[in-house]
file data-v1.tsv (TSV, C-alpha atoms)
chain	number	residue	atom	x	y	z
A	1	ASP	CA	-101.41	127.64	-153.49
A	2	ALA	CA	-104.04	129.15	-151.17
A	3	PHE	CA	-102.22	127.63	-148.18
A	4	PHE	CA	-98.90	129.23	-149.12
A	5	GLU	CA	-100.62	132.53	-149.95
A	6	ALA	CA	-102.19	132.61	-146.47
A	7	HIS	CA	-98.69	132.42	-145.01
A	8	GLY	CA	-97.15	134.94	-147.39
A	9	VAL	CA	-94.78	132.38	-148.87
A	10	ASP	CA	-93.96	131.82	-152.52
A	11	PRO	CA	-93.68	128.04	-153.00
A	12	ASN	CA	-91.95	128.48	-156.35
A	13	GLU	CA	-89.09	130.48	-154.89
A	14	GLY	CA	-85.81	128.68	-155.64
A	15	SER	CA	-87.54	126.37	-158.11
A	16	THR	CA	-86.92	126.08	-161.83
A	17	ARG	CA	-90.68	125.75	-162.42
A	18	ASP	CA	-92.46	128.72	-163.97
A	19	SER	CA	-94.97	130.25	-161.52
A	20	LYS	CA	-97.57	130.45	-164.32
A	21	ALA	CA	-97.08	126.87	-165.44
A	22	THR	CA	-99.97	124.39	-165.07
A	23	GLY	CA	-100.04	120.61	-164.90
A	24	PRO	CA	-98.58	118.06	-162.49
A	25	LEU	CA	-95.53	118.89	-160.45
A	26	ALA	CA	-92.24	117.10	-160.82
A	27	THR	CA	-91.33	114.71	-158.01
A	28	ARG	CA	-88.56	116.99	-156.75
A	29	ASP	CA	-90.78	120.10	-156.72
A	30	ARG	CA	-93.60	118.20	-155.05
A	31	GLN	CA	-91.28	117.00	-152.27
A	32	ARG	CA	-89.90	120.51	-151.77
A	33	ARG	CA	-93.42	121.98	-151.48
A	34	GLU	CA	-94.43	119.25	-149.03
A	35	ASN	CA	-91.40	119.94	-146.79
A	36	LEU	CA	-92.18	123.65	-146.90
A	37	ALA	CA	-95.81	123.03	-145.95
A	38	ILE	CA	-94.74	120.85	-143.00
A	39	LYS	CA	-92.43	123.55	-141.70
A	40	LEU	CA	-95.17	126.16	-141.94
A	41	LEU	CA	-97.68	123.89	-140.15
A	42	LEU	CA	-95.29	123.15	-137.27
A	43	LYS	CA	-94.28	126.80	-137.00
A	44	ASN	CA	-97.80	128.21	-136.82
A	45	ALA	CA	-99.58	125.46	-134.86
A	46	THR	CA	-99.80	125.91	-131.09
A	47	ILE	CA	-100.52	122.98	-128.74
A	48	SER	CA	-101.14	124.23	-125.19
A	49	PRO	CA	-102.10	121.80	-122.39
A	50	LEU	CA	-104.28	123.50	-119.79
A	51	ARG	CA	-102.69	123.13	-116.37
A	52	GLY	CA	-104.72	121.21	-113.81
A	53	SER	CA	-106.97	119.54	-116.40
A	54	ALA	CA	-106.97	116.95	-119.17
A	55	LEU	CA	-107.78	119.62	-121.76
A	56	ILE	CA	-105.54	120.70	-124.61
A	57	ASP	CA	-105.94	123.96	-126.54
A	58	ILE	CA	-105.06	123.70	-130.24
A	59	SER	CA	-104.80	126.85	-132.34
A	60	TYR	CA	-103.36	127.82	-135.68
A	61	THR	CA	-102.18	131.19	-136.99
A	62	SER	CA	-102.35	132.31	-140.62
A	63	ALA	CA	-103.60	135.21	-142.72
A	64	SER	CA	-106.77	133.26	-143.63
A	65	PRO	CA	-109.36	132.87	-140.82
A	66	ALA	CA	-111.14	130.01	-142.62
A	67	LEU	CA	-107.89	128.15	-143.26
A	68	SER	CA	-106.78	128.57	-139.63
A	69	SER	CA	-110.08	127.18	-138.34
A	70	GLN	CA	-109.99	124.29	-140.83
A	71	ILE	CA	-106.39	123.33	-139.95
A	72	ALA	CA	-107.06	123.43	-136.18
A	73	ASN	CA	-110.11	121.20	-136.51
A	74	THR	CA	-108.42	118.81	-138.94
A	75	TRP	CA	-105.37	118.62	-136.69
A	76	THR	CA	-107.56	117.44	-133.81
A	77	GLU	CA	-109.51	114.98	-135.95
A	78	GLN	CA	-106.35	113.49	-137.38
A	79	PHE	CA	-104.86	113.13	-133.90
A	80	ILE	CA	-107.93	111.08	-132.86
A	81	VAL	CA	-107.67	108.96	-136.00
A	82	GLN	CA	-103.98	108.42	-135.36
A	83	SER	CA	-104.70	107.34	-131.78
A	84	MET	CA	-107.19	104.75	-133.01
A	85	ASP	CA	-104.71	103.57	-135.64
A	86	ARG	CA	-102.09	103.05	-132.94
A	87	ARG	CA	-104.61	101.05	-130.92
A	88	PHE	CA	-105.33	98.85	-133.91
A	89	ALA	CA	-101.63	98.48	-134.66
A	90	SER	CA	-100.90	97.40	-131.08
A	91	THR	CA	-103.25	94.42	-131.49
A	92	ALA	CA	-102.31	93.56	-135.08
A	93	ASP	CA	-99.60	91.09	-134.05
A	94	ALA	CA	-101.89	89.42	-131.51
A	95	ARG	CA	-104.67	89.08	-134.10
A	96	LYS	CA	-102.24	87.67	-136.63
A	97	PHE	CA	-100.93	85.13	-134.12
A	98	LEU	CA	-104.44	84.12	-133.08
A	99	GLU	CA	-105.53	83.76	-136.70
A	100	GLY	CA	-102.72	81.28	-137.27
A	101	ARG	CA	-103.57	79.35	-134.10
A	102	LEU	CA	-107.27	79.35	-134.98
A	103	GLU	CA	-106.55	77.87	-138.38
A	104	GLU	CA	-104.32	75.24	-136.79
A	105	TYR	CA	-106.92	74.20	-134.21
A	106	ARG	CA	-109.73	74.31	-136.74
A	107	THR	CA	-107.82	71.75	-138.81
A	108	ARG	CA	-107.09	69.66	-135.72
A	109	LEU	CA	-110.75	69.78	-134.68
A	110	GLU	CA	-111.91	68.65	-138.11
A	111	THR	CA	-109.40	65.79	-138.03
A	112	ALA	CA	-110.40	64.72	-134.51
A	113	GLU	CA	-114.12	64.74	-135.31
A	114	ARG	CA	-113.52	62.89	-138.58
A	115	GLU	CA	-111.52	60.19	-136.74
A	116	LEU	CA	-114.27	59.93	-134.09
A	117	VAL	CA	-117.04	59.47	-136.66
A	118	GLY	CA	-114.95	57.05	-138.72
A	119	TYR	CA	-114.08	54.90	-135.72
A	120	ALA	CA	-117.72	54.84	-134.55
A	121	ALA	CA	-118.87	53.75	-138.02
A	122	ASN	CA	-116.15	51.09	-138.25
A	123	LYS	CA	-117.02	49.64	-134.83
A	124	ASP	CA	-120.80	50.03	-135.30
A	125	ILE	CA	-121.12	52.38	-132.32
A	126	VAL	CA	-124.37	54.30	-132.74
A	127	ALA	CA	-124.85	56.81	-129.90
A	128	LEU	CA	-128.50	57.47	-129.05
A	129	GLY	CA	-127.86	59.95	-126.24
A	130	ASN	CA	-124.97	62.16	-125.08
A	131	THR	CA	-124.51	64.27	-121.97
A	132	LYS	CA	-122.03	66.97	-121.02
A	133	THR	CA	-120.10	66.57	-117.78
A	134	PRO	CA	-119.38	69.63	-115.60
A	135	ASP	CA	-115.85	69.75	-117.03
A	136	GLY	CA	-117.22	69.90	-120.59
A	137	ARG	CA	-116.57	66.27	-121.57
A	138	THR	CA	-119.02	64.39	-123.78
A	139	GLU	CA	-120.21	61.05	-122.47
A	140	VAL	CA	-122.33	58.51	-124.35
A	141	ASP	CA	-125.34	57.50	-122.25
A	142	ARG	CA	-126.92	54.93	-124.55
A	143	THR	CA	-125.95	53.19	-127.76
A	144	LEU	CA	-128.06	51.25	-130.20
A	145	VAL	CA	-126.71	47.93	-128.87
A	146	SER	CA	-127.41	48.84	-125.23
A	147	SER	CA	-130.90	50.01	-126.18
A	148	ASP	CA	-131.60	46.76	-128.05
A	149	LEU	CA	-130.18	44.73	-125.16
A	150	GLU	CA	-132.41	46.57	-122.72
A	151	ALA	CA	-135.51	45.98	-124.89
A	152	LEU	CA	-134.68	42.29	-125.44
A	153	ASN	CA	-133.98	41.79	-121.76
A	154	THR	CA	-137.43	43.21	-120.95
A	155	ALA	CA	-138.99	40.93	-123.57
A	156	LEU	CA	-137.08	37.95	-122.14
A	157	ALA	CA	-138.40	38.65	-118.65
A	158	SER	CA	-141.94	38.78	-120.05
A	159	ALA	CA	-141.40	35.57	-122.06
A	160	THR	CA	-140.04	33.80	-118.99
A	161	ALA	CA	-143.12	34.78	-117.01
A	162	GLU	CA	-145.38	33.55	-119.80
A	163	ARG	CA	-143.46	30.27	-120.04
A	164	ILE	CA	-143.78	29.68	-116.29
A	165	ALA	CA	-147.51	30.36	-116.44
A	166	ALA	CA	-147.94	28.03	-119.45
A	167	GLU	CA	-145.89	25.33	-117.73
A	168	SER	CA	-148.06	25.62	-114.64
A	169	ARG	CA	-151.24	25.28	-116.68
A	170	ALA	CA	-149.81	22.27	-118.52
A	171	ARG	CA	-148.86	20.51	-115.28
A	172	VAL	CA	-152.27	21.12	-113.75
A	173	GLY	CA	-153.88	19.65	-116.86
A	174	GLN	CA	-151.74	16.52	-116.63
A	175	SER	CA	-152.78	16.00	-113.01
A	176	GLY	CA	-156.45	15.95	-114.04
A	177	ASN	CA	-157.32	19.06	-112.06
A	178	ASN	CA	-157.25	21.39	-114.96
A	179	ALA	CA	-159.52	24.30	-114.13
A	180	GLU	CA	-159.88	25.14	-117.81
A	181	THR	CA	-161.48	21.75	-118.57
A	182	LEU	CA	-163.80	22.24	-115.64
A	183	ASN	CA	-164.81	25.65	-116.90
A	184	ASN	CA	-165.04	24.60	-120.55
A	185	LEU	CA	-168.65	25.09	-121.70
A	186	GLY	CA	-168.71	22.16	-124.13
A	187	ILE	CA	-167.16	19.74	-121.67
A	188	GLY	CA	-169.51	20.96	-118.95
A	189	GLN	CA	-172.56	20.32	-121.10
A	190	MET	CA	-171.35	16.84	-121.98
A	191	ARG	CA	-170.67	16.05	-118.34
A	192	GLN	CA	-174.10	17.28	-117.38
A	193	ARG	CA	-175.64	15.10	-120.08
A	194	ARG	CA	-173.61	12.12	-118.89
A	195	THR	CA	-174.83	12.69	-115.34
A	196	GLU	CA	-178.41	12.64	-116.56
A	197	LEU	CA	-177.83	9.45	-118.60
A	198	ALA	CA	-176.05	7.81	-115.68
A	199	ALA	CA	-179.04	8.53	-113.46
A	200	GLU	CA	-181.38	7.16	-116.09
A	201	TYR	CA	-179.22	4.05	-116.52
A	202	ALA	CA	-179.21	3.50	-112.78
A	203	LYS	CA	-183.03	3.57	-112.72
A	204	LEU	CA	-183.17	1.04	-115.56
A	205	MET	CA	-180.80	-1.28	-113.75
A	206	VAL	CA	-183.23	-1.37	-110.87
A	207	GLN	CA	-185.97	-2.80	-113.10
A	208	PHE	CA	-184.11	-4.49	-115.97
A	209	GLU	CA	-181.02	-6.44	-116.88
A	210	PRO	CA	-178.07	-4.77	-118.68
A	211	SER	CA	-179.09	-6.60	-121.82
A	212	TYR	CA	-182.40	-4.82	-121.90
A	213	PRO	CA	-182.51	-2.81	-125.19
A	214	THR	CA	-183.25	0.50	-123.57
A	215	ALA	CA	-180.49	-0.06	-121.01
A	216	LYS	CA	-178.09	-1.03	-123.74
A	217	ALA	CA	-178.93	2.17	-125.67
A	218	VAL	CA	-178.34	4.32	-122.61
A	219	ALA	CA	-175.07	2.50	-121.91
A	220	GLU	CA	-173.94	3.16	-125.49
A	221	GLN	CA	-174.73	6.85	-125.11
A	222	LEU	CA	-172.68	6.91	-121.91
A	223	ARG	CA	-169.75	5.29	-123.73
A	224	VAL	CA	-169.96	7.82	-126.56
A	225	LEU	CA	-170.14	10.75	-124.10
A	226	ASP	CA	-167.16	9.43	-122.14
A	227	ALA	CA	-165.15	9.18	-125.36
A	228	SER	CA	-166.18	12.69	-126.39
A	229	ILE	CA	-165.30	14.10	-122.97
A	230	SER	CA	-161.94	12.35	-123.05
A	231	ARG	CA	-161.16	13.67	-126.53
A	232	GLU	CA	-162.09	17.24	-125.58
A	233	GLU	CA	-159.99	17.08	-122.40
A	234	SER	CA	-157.08	15.71	-124.46
A	235	ARG	CA	-157.49	18.55	-126.93
A	236	VAL	CA	-157.40	21.14	-124.15
A	237	LEU	CA	-154.36	19.44	-122.66
A	238	ARG	CA	-152.60	19.39	-126.02
A	239	SER	CA	-153.34	23.09	-126.52
A	240	ARG	CA	-151.82	23.84	-123.11
A	241	SER	CA	-148.79	21.73	-124.01
A	242	ALA	CA	-148.46	23.50	-127.35
A	243	GLU	CA	-148.77	26.86	-125.60
A	244	TYR	CA	-146.07	25.83	-123.16
A	245	ALA	CA	-143.83	24.60	-126.01
A	246	GLU	CA	-144.32	27.89	-127.89
A	247	ALA	CA	-143.57	29.96	-124.79
A	248	SER	CA	-140.49	27.86	-124.09
A	249	ARG	CA	-139.30	28.23	-127.70
A	250	ARG	CA	-139.77	32.01	-127.61
A	251	GLU	CA	-137.93	32.21	-124.30
A	252	THR	CA	-135.05	30.18	-125.75
A	253	GLU	CA	-134.82	32.41	-128.82
A	254	LEU	CA	-134.82	35.56	-126.72
A	255	LYS	CA	-132.15	34.10	-124.45
A	256	SER	CA	-130.02	33.38	-127.49
A	257	LYS	CA	-130.46	36.93	-128.80
A	258	VAL	CA	-129.74	38.42	-125.40
A	259	GLU	CA	-126.55	36.37	-125.09
A	260	SER	CA	-125.52	37.48	-128.57
A	261	LEU	CA	-126.16	41.12	-127.71
A	262	LYS	CA	-124.27	40.68	-124.45
A	263	GLY	CA	-121.26	39.56	-126.48
A	264	ARG	CA	-121.62	42.59	-128.77
A	265	MET	CA	-122.08	44.84	-125.76
A	266	THR	CA	-118.93	43.50	-124.14
A	267	GLN	CA	-116.95	44.03	-127.34
A	268	GLN	CA	-118.44	47.47	-127.77
A	269	GLN	CA	-117.44	48.43	-124.25
A	270	ARG	CA	-113.88	47.51	-125.15
A	271	ASP	CA	-114.15	49.52	-128.36
A	272	ARG	CA	-115.55	52.48	-126.45
A	273	ILE	CA	-112.23	52.86	-124.65
A	274	GLN	CA	-110.64	54.03	-127.89
A	275	TYR	CA	-113.87	55.81	-128.82
A	276	ASN	CA	-113.67	57.83	-125.59
A	277	ILE	CA	-110.06	58.70	-126.36
A	278	TYR	CA	-111.13	60.12	-129.73
A	279	GLN	CA	-114.06	61.87	-128.02
A	280	ARG	CA	-111.82	63.50	-125.40
A	281	GLU	CA	-109.41	64.62	-128.11
A	282	ALA	CA	-112.28	66.22	-130.02
A	283	ASP	CA	-113.68	67.86	-126.87
A	284	THR	CA	-110.29	69.23	-125.81
A	285	THR	CA	-109.53	70.59	-129.26
A	286	ARG	CA	-113.01	72.15	-129.44
A	287	GLU	CA	-112.51	73.85	-126.07
A	288	LEU	CA	-109.15	75.26	-127.15
A	289	TYR	CA	-110.62	76.41	-130.46
A	290	ASP	CA	-113.59	78.09	-128.74
A	291	GLY	CA	-111.26	79.76	-126.24
A	292	LEU	CA	-109.01	81.14	-129.00
A	293	LEU	CA	-112.05	82.28	-130.98
A	294	GLN	CA	-113.44	84.10	-127.94
A	295	ARG	CA	-110.07	85.74	-127.33
A	296	TYR	CA	-109.88	86.77	-130.98
A	297	LYS	CA	-113.32	88.39	-130.70
A	298	GLU	CA	-112.31	90.19	-127.51
A	299	ILE	CA	-109.22	91.62	-129.19
A	300	GLY	CA	-111.36	92.76	-132.11
A	301	VAL	CA	-113.81	94.48	-129.74
A	302	ALA	CA	-110.96	96.07	-127.76
A	303	GLY	CA	-109.49	97.41	-131.00
A	304	VAL	CA	-112.70	99.28	-131.88
A	305	GLY	CA	-113.52	100.36	-128.32
A	306	ALA	CA	-114.44	103.87	-127.32
A	307	ASN	CA	-111.64	106.39	-127.74
A	308	ASN	CA	-110.52	108.32	-124.68
A	309	ILE	CA	-110.02	111.47	-126.77
A	310	ALA	CA	-112.94	113.81	-127.48
A	311	ILE	CA	-113.35	117.24	-129.03
A	312	VAL	CA	-114.74	119.66	-126.44
A	313	ASP	CA	-114.98	122.77	-128.69
A	314	VAL	CA	-114.27	123.00	-132.38
A	315	ALA	CA	-112.06	125.78	-133.71
A	316	LYS	CA	-114.23	128.80	-134.51
A	317	LEU	CA	-113.86	131.12	-137.45
A	318	PRO	CA	-112.09	134.28	-136.13
A	319	ASP	CA	-114.04	137.54	-136.52
A	320	LYS	CA	-110.95	139.68	-136.12
A	321	PRO	CA	-107.20	139.17	-136.61
A	322	THR	CA	-104.99	138.27	-133.66
A	323	SER	CA	-102.12	140.36	-135.06
A	324	PRO	CA	-100.99	143.01	-135.49
A	325	ASN	CA	-102.26	144.23	-132.09
A	326	LEU	CA	-102.34	148.04	-132.51
A	327	PRO	CA	-102.64	149.06	-128.81
A	328	LEU	CA	-99.85	146.67	-127.84
A	329	ASN	CA	-97.65	147.88	-130.69
A	330	LEU	CA	-98.27	151.54	-129.75
A	331	ALA	CA	-97.43	150.85	-126.12
A	332	LEU	CA	-94.26	149.03	-127.12
A	333	ALA	CA	-93.33	151.85	-129.51
A	334	LEU	CA	-93.92	154.42	-126.76
A	335	LEU	CA	-91.75	152.50	-124.33
A	336	ALA	CA	-89.05	152.07	-126.95
A	337	GLY	CA	-89.17	155.79	-127.83
A	338	LEU	CA	-88.87	156.80	-124.20
A	339	ALA	CA	-85.98	154.43	-123.70
A	340	ILE	CA	-84.15	155.78	-126.76
A	341	ALA	CA	-84.82	159.39	-125.68
A	342	ALA	CA	-83.48	158.67	-122.22
A	343	LEU	CA	-80.37	157.05	-123.60
A	344	THR	CA	-79.84	159.94	-125.98
A	345	THR	CA	-80.30	162.51	-123.16
A	346	LEU	CA	-77.89	160.68	-120.91
A	347	GLY	CA	-75.42	160.36	-123.74
A	348	LEU	CA	-75.41	164.10	-124.38
call {"tool": "encode", "arguments": {"input": "data-v1.tsv", "output": "structure tokens"}}
result
Amino acid sequence: DAFFEAHGVDPNEGSTRDSKATGPLATRDRQRRENLAIKLLLKNATISPLRGSALIDISYTSASPALSSQIANTWTEQFIVQSMDRRFASTADARKFLEGRLEEYRTRLETAERELVGYAANKDIVALGNTKTPDGRTEVDRTLVSSDLEALNTALASATAERIAAESRARVGQSGNNAETLNNLGIGQMRQRRTELAAEYAKLMVQFEPSYPTAKAVAEQLRVLDASISREESRVLRSRSAEYAEASRRETELKSKVESLKGRMTQQQRDRIQYNIYQREADTTRELYDGLLQRYKEIGVAGVGANNIAIVDVAKLPDKPTSPNLPLNLALALLAGLAIAALTTLGL
């Protein structure tokens, strides 16, 4: 009502509604008042672009200074809001399309990764290390089988070296030039004792016959020492042979395991052909999904970007009316009076 009063218009004119009535308006009366308000707004609003600049002067004329200022400011604010709404609306279809594509590729990515994991579990492919190629592809550097094969191959090389060393020691022992028997402390002591007894026996043989009791005792001690030395050397030789047999057995077992892992590795390399196909499918789908997601974010940021419309000066509350302009009206009245007087004079 204050709006219509500021324009000197009776909104109830031509209506069947009592001007003193209260309560909600009927739909027909409300529509009529709205149309009337729109006409008054368009009639009294002035939009004046300033030549040579990007500025626009917006003003509003009514009998209420406060209402005029409020309408001018609100008009500008609503124009900015409308501009932002148009910007959002222009990207609505693109966002809707991208949302549908994102959902599609998200489902495809989940399916591709699920197939990749399922195939790897079915074929016992356990990846221990992955790398990214410059084109974004995922490559498997090492698997559990290749890691085990590498470790067993290292162990086999070590076992082979140990077996060769043990074989060499066993052969030297069989030839009677075993350095270990020569360096054995027990055997060395027995040999030293035998040397002493041999020397003593030789002295006795110079003076006595072999049947001499003392000579016979020394000869018996020599026999016992020779038997002891022989047994100890045999024991050392058997230990070297056992060591060689153990090294050879370990080497054979490792060879068997390595051959088995080689077979698994060969089969796994065949299986990795299909595995790589699944991996490439997952990588490609992930790239497409990430690209669409990035584009979706960019559209969202563009939609809320800085507006190119700004308020330079708000509408101020007028301190005096713009009309009627008394000096202008007096001048116009004077000119009109003179013109009428001149016409009257000429007419007479």
call {"tool": "closest_residue", "arguments": {"input": "data-v1.tsv", "among": "A:Ala202, A:Asp283, A:Ile273, A:Ala72", "to": "Lys316 in chain A", "atoms": "only C-alpha atoms"}}
result
A:Ala72
call {"tool": "closest_atom_pairs", "arguments": {"input": "data-v1.tsv", "of": "range 64-170 of chain A", "to": "range 6-9 of chain A", "cutoff": "12 Å", "atoms": "all atoms listed in the file", "output": "CSV"}}
result
residue,atom,partner,partner_atom,distance
A:Ser64,CA,A:Ala6,CA,5.4
A:Pro65,CA,A:Ala6,CA,9.1
A:Ala66,CA,A:Ala6,CA,10.1
A:Leu67,CA,A:Ala6,CA,7.9
A:Ser68,CA,A:Ala6,CA,9.2
call {"tool": "residues_around", "arguments": {"input": "data-v1.tsv", "residues": "Arg95 in chain A", "least_positions_apart": "2", "cutoff": "8 Å", "atoms": "all atoms listed in the file", "output": "MDAnalysis selection string"}}
result
chainID A and resid 91:93 97:99 296 299:300
call {"tool": "closest_residue", "arguments": {"input": "data-v1.tsv", "among": "A:Glu220, A:Asp271, A:Asp29, A:Glu200", "to": "Glu13 in chain A", "atoms": "all atoms listed in the file"}}
result
A:Asp29
call {"tool": "residues_around", "arguments": {"input": "data-v1.tsv", "residues": "Asn122 in chain A", "least_positions_apart": "5", "cutoff": "12 Å", "atoms": "all atoms listed in the file", "output": "VMD selection string"}}
result
chain A and resid 115 to 117 268 271 to 272 275
call {"tool": "residues_around", "arguments": {"input": "data-v1.tsv", "residues": "range 262-266 of chain A", "least_positions_apart": "2", "cutoff": "12 Å", "atoms": "only C-alpha atoms", "output": "VMD selection string"}}
result
chain A and resid 123 to 126 142 to 150 152 to 153 254 to 260 268 to 273
call {"tool": "atom_distance", "arguments": {"input": "data-v1.tsv", "atom1": "CA of Arg32 in chain A", "atom2": "CA of Ile58 in chain A"}}
result
26.5 Å
